[in-house]
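Q: This structure is in structure tokens; I'll ask about it shortly.
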Amino acid sequence: MIETVVHAPEELQKEPAHHEPEHHPASFWSRYVFSTDHKMIAMQYCVTSIVMVIVGGFLAYVFRWQLAHPGVPVPLFGKIDPNIYNTFVTMHGTIMIFWVAMPLLLAAFGNFLIPPMIGTRDMAFPTLNMLSYWTFFISTVLLLASFFVPGGAFGGGWTAYPPLSADAYARTDFWHGLGGDLWILAVALEFVAFLMGGINFLVTTISMRAPGLTWMRLPMVVWMIVIATLIFMFSVGPLIAGAVMLLLDRVAGTGFYNPATGGDPIMFQHFFWFFGHPEVYVILLPTLGFLAEIFTTFSRKPLFGYKMILTSTWVAAGLSFIVWAHHQFIAGIDPRMSTFFSITTILISVPFAVIIFSLMATLFQGQIELPTPMLFALGVVAEFLIGGVTGIYLGASAFDIYAHDTYFVVAHFHYTLIPVVIFGGAAAIYYWYPKFVGRMLDERLGKIHFWGTAVFFNMIFLPLFWTGMMGQHRRIFSYEAFPSLNTPLAHNLQVVATTGLILMALFQIPFLINLVRSARHGRPAGRNPWKANSLEWACESPPPHGNFPTQPEVYRWPYEYGMPDSAQDFRPQWEACP
Amino acid sequence: MPPNISSFGGELDNLTMLITVISVVCLILAEAVLFYALVRYRKHPGGHSRYLTGEGWAQARWVLLPVLVVVALDFLIDVQNTRVWNDIKTSSAPSSGYPVRIIGQQFAWTFVHPGPDAQLDTPDDVTTVGELHVPLMYDVAFELQARDVLHSFWVPNLRLKQDALPGRTIQGWFRAEKTGTYDIACAEICGGGHSLMGARLVVSKKEDLNAWLASKSAPLGPGEKMLDAKGCLACHSTDGTKRVGPSFQGLWGRQETVLTNGVERQVAVDEAYVKHSLDDPTADVVKGFPPVMPSQAGKLNDEEFAQLIEFLKSKEKAP
């Protein structure tokens, strides 16, 4: 273990002890809109992603209604045709990954957590941080605007494979309008925003940790966000390059992906998935970090295998760069390559097995409490296991010949993403809301939210494993053209899934009510409502601008729970030795 | 999974079964351990948790030994998978196989069968749309192509799926071991008519296949040849059969009911209408057909357009 003590930059230590809010003029605009405070920026990311999850969820409701009740006008929307269907499927995927998962888990919680958890006042570059959010905001506006341009939003699948997406020469004219161009611009801008945010995360964590907070005393969630940021930065370059070439193919008539001019459509798939697979772990790692914090707090036990988890995460991060072609087994790549990618893909289950088993071992011989954040955190593990084992199916290239682009794949990745994003995001919100709002969320509404979400999530996606096994392929408006796939059983399963979706959506209403109501009427949280150890719990709730009145010092790692020699079952990082 | 009809599908199904057994057992065990912990170690008054950090083998083995089991099972799956994969995809198509060409386009499948000479690209080839006929118990060596965007040739009963790429010919093979008619689908999003891209695979005995081929072979006229090359005939038949788009037979001069911006109106099919429908196919859509035709603006030169009009005139009356 490296025990170098890293001191905070001198500037920080010379700061006067008190940072009064009046140093920062608190007009509405500077406080809530063009704020450079990391907490406000986190809040902006969080609120934007909640708005976008509602948009993305509504799109899912519209196209799932069509699958369950083909041809029947969708309540609250109206009649849809195959082009609208494709558009909604595409935008649902785009929004949920790029405008919900990443901004919520990485941008919002990275911003919320890093400064107070490492004991500093703010991000290293607050103005860059503000710029990051507003760049993201512009990308959001561009994306939403694309629904209203002539020809509608982009509908070529969220993976945007050319030649369909490069319609300058393929002449798929329904999407010839601005929609596709706006889609590419919005995605590229969003990555610029996250790159700016990521630079902040890295610089802040490397250079601004409180005295005594060595790397091996860093809370696991900060490690996870840092590693996720690194994965993102190393993988995003090829995709941005690929997207620029796609844009040029569309608007300037170049032929990077046009075989007639010597281009290659598969090249884009490589660019996309070289980013796309690491991206999965960019989303997964922050949630694994949340679990480490929440499991230890509510089982009153140290994190089991800190170093094992950390090492495994680095191994998984490395492996994530050499698995991408498992999305392309049957795309026309050399079949011999698939053997390699199949083996690396199945191999990646090993580091994640270490992490998940270590988290489960953290529960053993603990004193487990089950408030809402813990329920959602446990929900992540219980459901993600299903996503994990079905990943083994699809990693096997031979089975993938059958399952590729069927509902089996759809069900599989929703079993990885929904636990990670929806359950993980909810767990984190329930856990840290008291800190950042200053009041507790209502437990009763929280439990209604949890059980409704957990039950109906399974009701949506378990049937879809089945329809996938029956051979139903995805992104299909109507199965009428395929009699053997259009069976009454398959149709009934689709009806069950759609009903599950509507019910799960209804059970998000208590959550929204809870978020709004508790901000005013919740029980005051106090500094450390969960009796946790990491540094953010040393701040007031909510932390003032600047977080800490004086520079805190760190004396130990953040998982000192249930020590054998002590009556108190926790010892915070900031308390000097008794 | 639907009944398997291919020679390699059985192996694929066995692999699926192997993975299912392994993963279901592992999943149940893991969930059981999780729920056991939740029940057994719930907080009780006066209880004290145990300080376990997972450092050192004595503690870490509780995680690492189960992980070793995972590694072993992964290895088993890898070995089986590589074998099955190689059988299906890397063993090259048998040169003595029955050759067919499969062409995907928006939004139909075209199939080229060899005539009696068992060779492609000879005058006796038989081209069909929406129906692929193959002989029972023969290795079928297919060439897969796409005319415009990506498509994916998907036959659930064969356990076969392969993307088709414009500008490339992908070789592959299968062997059907049961007669019957099976669904062919497109499994890669290819545009607004993606879900219309269905076709049938007909597996029949070699004698029956030959009889069917003999009944089909009729040489194409010059206009028809041009339309075939442009891909028009995949959606528009010349004999009155209803496909994705209206048939060319009897089309010329007819009063059609079309939808213009959702409003029905009557249009006479003449040169102006045909020209407009090529450039902007979704402007006036014939009632009863989906609005999915890609624009053909600039794809036909004047001479080819004249040929098309000539051809439509020749098909004005039913034969």
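Numbering starts fresh at 1 for the residues of each chain in the structure tokens, the chains themselves are lettered A, B, ... in the order given, and ligands are numbered from 1 as they appear.
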Give me, as a Markdown table, the closest atom pair and its distance (Å, one decimal) for every residue of stretch 181-205 of chain B within a cut-off of 12 Å of stretch 244-258 of chain B, counting only C-alpha atoms, rows sorted by chain and rising number.
A:
| residue | atom | partner | partner_atom | distance |
| --- | --- | --- | --- | --- |
| B:Gly192 | CA | B:Val244 | CA | 11.9 |
| B:Gly193 | CA | B:Val244 | CA | 8.7 |
| B:His194 | CA | B:Val244 | CA | 11.1 |
| B:Ser195 | CA | B:Val244 | CA | 10.9 |
| B:Leu196 | CA | B:Val244 | CA | 7.3 |
| B:Met197 | CA | B:Val244 | CA | 8.7 |
| B:Gly198 | CA | B:Val244 | CA | 10.1 |
| B:Ala199 | CA | B:Val244 | CA | 11.4 |
Q: Return the neighbours of chain B among the residues of chain A, cut-off 6 Å, counting only C-alpha atoms, as a PDB file with N, CA and C atoms, in the first residue's frame.
A:
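This went into selection35.pdb:
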ATOM      1  N   PRO A  82     -44.564   3.095 -39.501  1.00  0.00           N
ATOM      2  CA  PRO A  82     -43.253   2.469 -39.310  1.00  0.00           C
ATOM      3  C   PRO A  82     -42.112   3.480 -39.162  1.00  0.00           C
ATOM      4  N   ASN A  83     -42.226   4.621 -39.849  1.00  0.00           N
ATOM      5  CA  ASN A  83     -41.136   5.591 -39.740  1.00  0.00           C
ATOM      6  C   ASN A  83     -41.086   6.222 -38.356  1.00  0.00           C
ATOM      7  N   PRO A 163     -24.689   2.196 -44.448  1.00  0.00           N
ATOM      8  CA  PRO A 163     -25.083   3.341 -45.262  1.00  0.00           C
ATOM      9  C   PRO A 163     -26.439   3.961 -44.889  1.00  0.00           C
ATOM     10  N   LEU A 164     -27.265   3.285 -44.092  1.00  0.00           N
ATOM     11  CA  LEU A 164     -28.590   3.846 -43.829  1.00  0.00           C
ATOM     12  C   LEU A 164     -28.480   5.239 -43.217  1.00  0.00           C
ATOM     13  N   THR A 172     -32.306   7.103 -48.530  1.00  0.00           N
ATOM     14  CA  THR A 172     -33.388   6.615 -47.687  1.00  0.00           C
ATOM     15  C   THR A 172     -34.089   7.860 -47.206  1.00  0.00           C
ATOM     16  N   ASP A 173     -34.994   8.366 -48.042  1.00  0.00           N
ATOM     17  CA  ASP A 173     -35.327   9.775 -47.904  1.00  0.00           C
ATOM     18  C   ASP A 173     -36.193  10.176 -46.743  1.00  0.00           C
ATOM     19  N   PRO A 259     -19.148   1.925 -50.219  1.00  0.00           N
ATOM     20  CA  PRO A 259     -18.314   0.964 -50.945  1.00  0.00           C
ATOM     21  C   PRO A 259     -18.074   1.378 -52.392  1.00  0.00           C
ATOM     22  N   PRO A 302     -16.783  -3.220   7.081  1.00  0.00           N
ATOM     23  CA  PRO A 302     -15.821  -2.696   6.103  1.00  0.00           C
ATOM     24  C   PRO A 302     -16.098  -3.284   4.730  1.00  0.00           C
ATOM     25  N   PHE A 304     -15.456  -5.435   1.756  1.00  0.00           N
ATOM     26  CA  PHE A 304     -14.709  -6.687   1.678  1.00  0.00           C
ATOM     27  C   PHE A 304     -13.828  -6.655   0.434  1.00  0.00           C
ATOM     28  N   GLY A 305     -12.510  -6.724   0.635  1.00  0.00           N
ATOM     29  CA  GLY A 305     -11.605  -6.832  -0.512  1.00  0.00           C
ATOM     30  C   GLY A 305     -11.443  -5.555  -1.313  1.00  0.00           C
ATOM     31  N   ILE A 330     -21.654 -11.359 -36.510  1.00  0.00           N
ATOM     32  CA  ILE A 330     -22.209 -11.768 -37.803  1.00  0.00           C
ATOM     33  C   ILE A 330     -22.319 -10.593 -38.762  1.00  0.00           C
ATOM     34  N   ALA A 331     -21.536  -9.532 -38.503  1.00  0.00           N
ATOM     35  CA  ALA A 331     -21.646  -8.335 -39.334  1.00  0.00           C
ATOM     36  C   ALA A 331     -20.853  -8.451 -40.617  1.00  0.00           C
ATOM     37  N   PRO A 335     -14.575 -14.418 -39.735  1.00  0.00           N
ATOM     38  CA  PRO A 335     -15.077 -15.292 -38.660  1.00  0.00           C
ATOM     39  C   PRO A 335     -13.991 -15.713 -37.663  1.00  0.00           C
ATOM     40  N   PHE A 357     -18.997 -10.636  -6.139  1.00  0.00           N
ATOM     41  CA  PHE A 357     -18.871 -11.536  -4.977  1.00  0.00           C
ATOM     42  C   PHE A 357     -18.345 -10.765  -3.767  1.00  0.00           C
ATOM     43  N   PHE A 364     -22.056 -10.335   4.521  1.00  0.00           N
ATOM     44  CA  PHE A 364     -22.007 -11.467   5.451  1.00  0.00           C
ATOM     45  C   PHE A 364     -21.493 -11.053   6.830  1.00  0.00           C
ATOM     46  N   GLN A 365     -22.186 -11.523   7.845  1.00  0.00           N
ATOM     47  CA  GLN A 365     -21.850 -11.250   9.230  1.00  0.00           C
ATOM     48  C   GLN A 365     -21.936  -9.777   9.550  1.00  0.00           C
ATOM     49  N   GLY A 366     -22.780  -9.064   8.786  1.00  0.00           N
ATOM     50  CA  GLY A 366     -22.998  -7.653   9.091  1.00  0.00           C
ATOM     51  C   GLY A 366     -24.245  -7.473   9.928  1.00  0.00           C
ATOM     52  N   GLN A 367     -24.647  -6.224  10.078  1.00  0.00           N
ATOM     53  CA  GLN A 367     -25.892  -5.884  10.770  1.00  0.00           C
ATOM     54  C   GLN A 367     -26.719  -5.113   9.749  1.00  0.00           C
ATOM     55  N   ILE A 368     -27.493  -5.863   8.944  1.00  0.00           N
ATOM     56  CA  ILE A 368     -28.058  -5.252   7.750  1.00  0.00           C
ATOM     57  C   ILE A 368     -29.352  -4.504   8.053  1.00  0.00           C
ATOM     58  N   GLU A 369     -29.376  -3.240   7.669  1.00  0.00           N
ATOM     59  CA  GLU A 369     -30.615  -2.460   7.707  1.00  0.00           C
ATOM     60  C   GLU A 369     -31.125  -2.306   6.289  1.00  0.00           C
ATOM     61  N   VAL A 389     -25.448 -13.150 -16.346  1.00  0.00           N
ATOM     62  CA  VAL A 389     -25.404 -14.512 -16.886  1.00  0.00           C
ATOM     63  C   VAL A 389     -25.930 -14.561 -18.323  1.00  0.00           C
ATOM     64  N   ALA A 396     -21.017 -16.034 -26.237  1.00  0.00           N
ATOM     65  CA  ALA A 396     -20.731 -17.231 -27.020  1.00  0.00           C
ATOM     66  C   ALA A 396     -21.152 -16.966 -28.472  1.00  0.00           C
ATOM     67  N   ALA A 398     -21.374 -18.542 -31.159  1.00  0.00           N
ATOM     68  CA  ALA A 398     -22.262 -19.444 -31.896  1.00  0.00           C
ATOM     69  C   ALA A 398     -23.720 -19.207 -31.509  1.00  0.00           C
ATOM     70  N   ILE A 401     -25.188 -16.162 -33.155  1.00  0.00           N
ATOM     71  CA  ILE A 401     -25.704 -16.257 -34.524  1.00  0.00           C
ATOM     72  C   ILE A 401     -27.224 -16.276 -34.468  1.00  0.00           C
ATOM     73  N   TYR A 402     -27.735 -17.005 -33.486  1.00  0.00           N
ATOM     74  CA  TYR A 402     -29.186 -17.093 -33.353  1.00  0.00           C
ATOM     75  C   TYR A 402     -29.765 -15.843 -32.690  1.00  0.00           C
ATOM     76  N   MET A 469     -35.999 -15.845 -27.679  1.00  0.00           N
ATOM     77  CA  MET A 469     -35.702 -17.254 -27.931  1.00  0.00           C
ATOM     78  C   MET A 469     -36.592 -17.814 -29.049  1.00  0.00           C
ATOM     79  N   MET A 470     -37.821 -17.266 -29.142  1.00  0.00           N
ATOM     80  CA  MET A 470     -38.714 -17.723 -30.213  1.00  0.00           C
ATOM     81  C   MET A 470     -38.277 -17.185 -31.567  1.00  0.00           C
ATOM     82  N   GLY A 471     -37.355 -16.258 -31.557  1.00  0.00           N
ATOM     83  CA  GLY A 471     -36.820 -15.742 -32.810  1.00  0.00           C
ATOM     84  C   GLY A 471     -37.278 -14.351 -33.180  1.00  0.00           C
ATOM     85  N   ILE A 476     -38.940  -4.052 -35.054  1.00  0.00           N
ATOM     86  CA  ILE A 476     -39.945  -4.482 -36.020  1.00  0.00           C
ATOM     87  C   ILE A 476     -41.281  -3.860 -35.642  1.00  0.00           C
ATOM     88  N   PHE A 477     -41.865  -3.173 -36.614  1.00  0.00           N
ATOM     89  CA  PHE A 477     -43.110  -2.440 -36.396  1.00  0.00           C
ATOM     90  C   PHE A 477     -44.275  -3.396 -36.241  1.00  0.00           C
ATOM     91  N   ALA A 481     -45.558  -9.872 -41.445  1.00  0.00           N
ATOM     92  CA  ALA A 481     -44.857 -10.457 -42.587  1.00  0.00           C
ATOM     93  C   ALA A 481     -44.138 -11.755 -42.225  1.00  0.00           C
ATOM     94  N   PHE A 482     -44.153 -12.137 -40.943  1.00  0.00           N
ATOM     95  CA  PHE A 482     -43.413 -13.330 -40.519  1.00  0.00           C
ATOM     96  C   PHE A 482     -44.337 -14.249 -39.738  1.00  0.00           C
ATOM     97  N   GLY A 562     -17.821  -1.404  12.508  1.00  0.00           N
ATOM     98  CA  GLY A 562     -17.834  -2.649  13.280  1.00  0.00           C
ATOM     99  C   GLY A 562     -16.471  -3.053  13.815  1.00  0.00           C
ATOM    100  N   MET A 563     -15.662  -2.055  14.270  1.00  0.00           N
ATOM    101  CA  MET A 563     -14.357  -2.400  14.800  1.00  0.00           C
ATOM    102  C   MET A 563     -14.532  -3.207  16.081  1.00  0.00           C
TER     103      MET A 563
END
Q: List every residue of stretch 219-257 of chain A that DSSP, applied to the backbone, labels as helix (DSSP H, G or I), and write the result as a PyMOL selection string.
A: chain A and resi 220-251
Q: Might you pull out every residue within 8 Å of stretch 36-49 of chain A, with only C-alpha atoms counted and same-chain residues fewer than 3 positions away left off, and present them as a list in words?
A: Arg31, Tyr32, Met52, Val53, Trp99, Val100, Ala101, Pro103, Leu104, Ala107, Ala108, Phe109, Gly110, Asn111, Phe112, Pro115, Asp122, Met123, Pro126, Thr127, Asn129, Met130, Tyr133, Phe436 and His545 of chain A
Q: For a quick check of understanding, using only C-alpha atoms, which of B:Val25, B:Ala272, B:Ala234, B:Ala283 has the smallest distance to B:Val112?
A: B:Ala234
Q: Excluding A:Ser338 and residues on its chain fewer than 6 positions from it, collect all residues at most 8 Å away from it, counting only C-alpha atoms, and give them as a ChimeraX atom specification.
A: /A:325-326,329,397
Q: Which is closest to B:Ala141 among B:Lys178, B:Ser96, B:Thr128, B:Ile103, if we use only C-alpha atoms?
A: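 Closest to B:Ala141 of all the choices is B:Ser96.
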Q: Taking only C-alpha atoms into account, which of A:Gly157, A:Thr362, A:Leu378, A:Val421 comes nearest A:Met102?
A: A:Val421
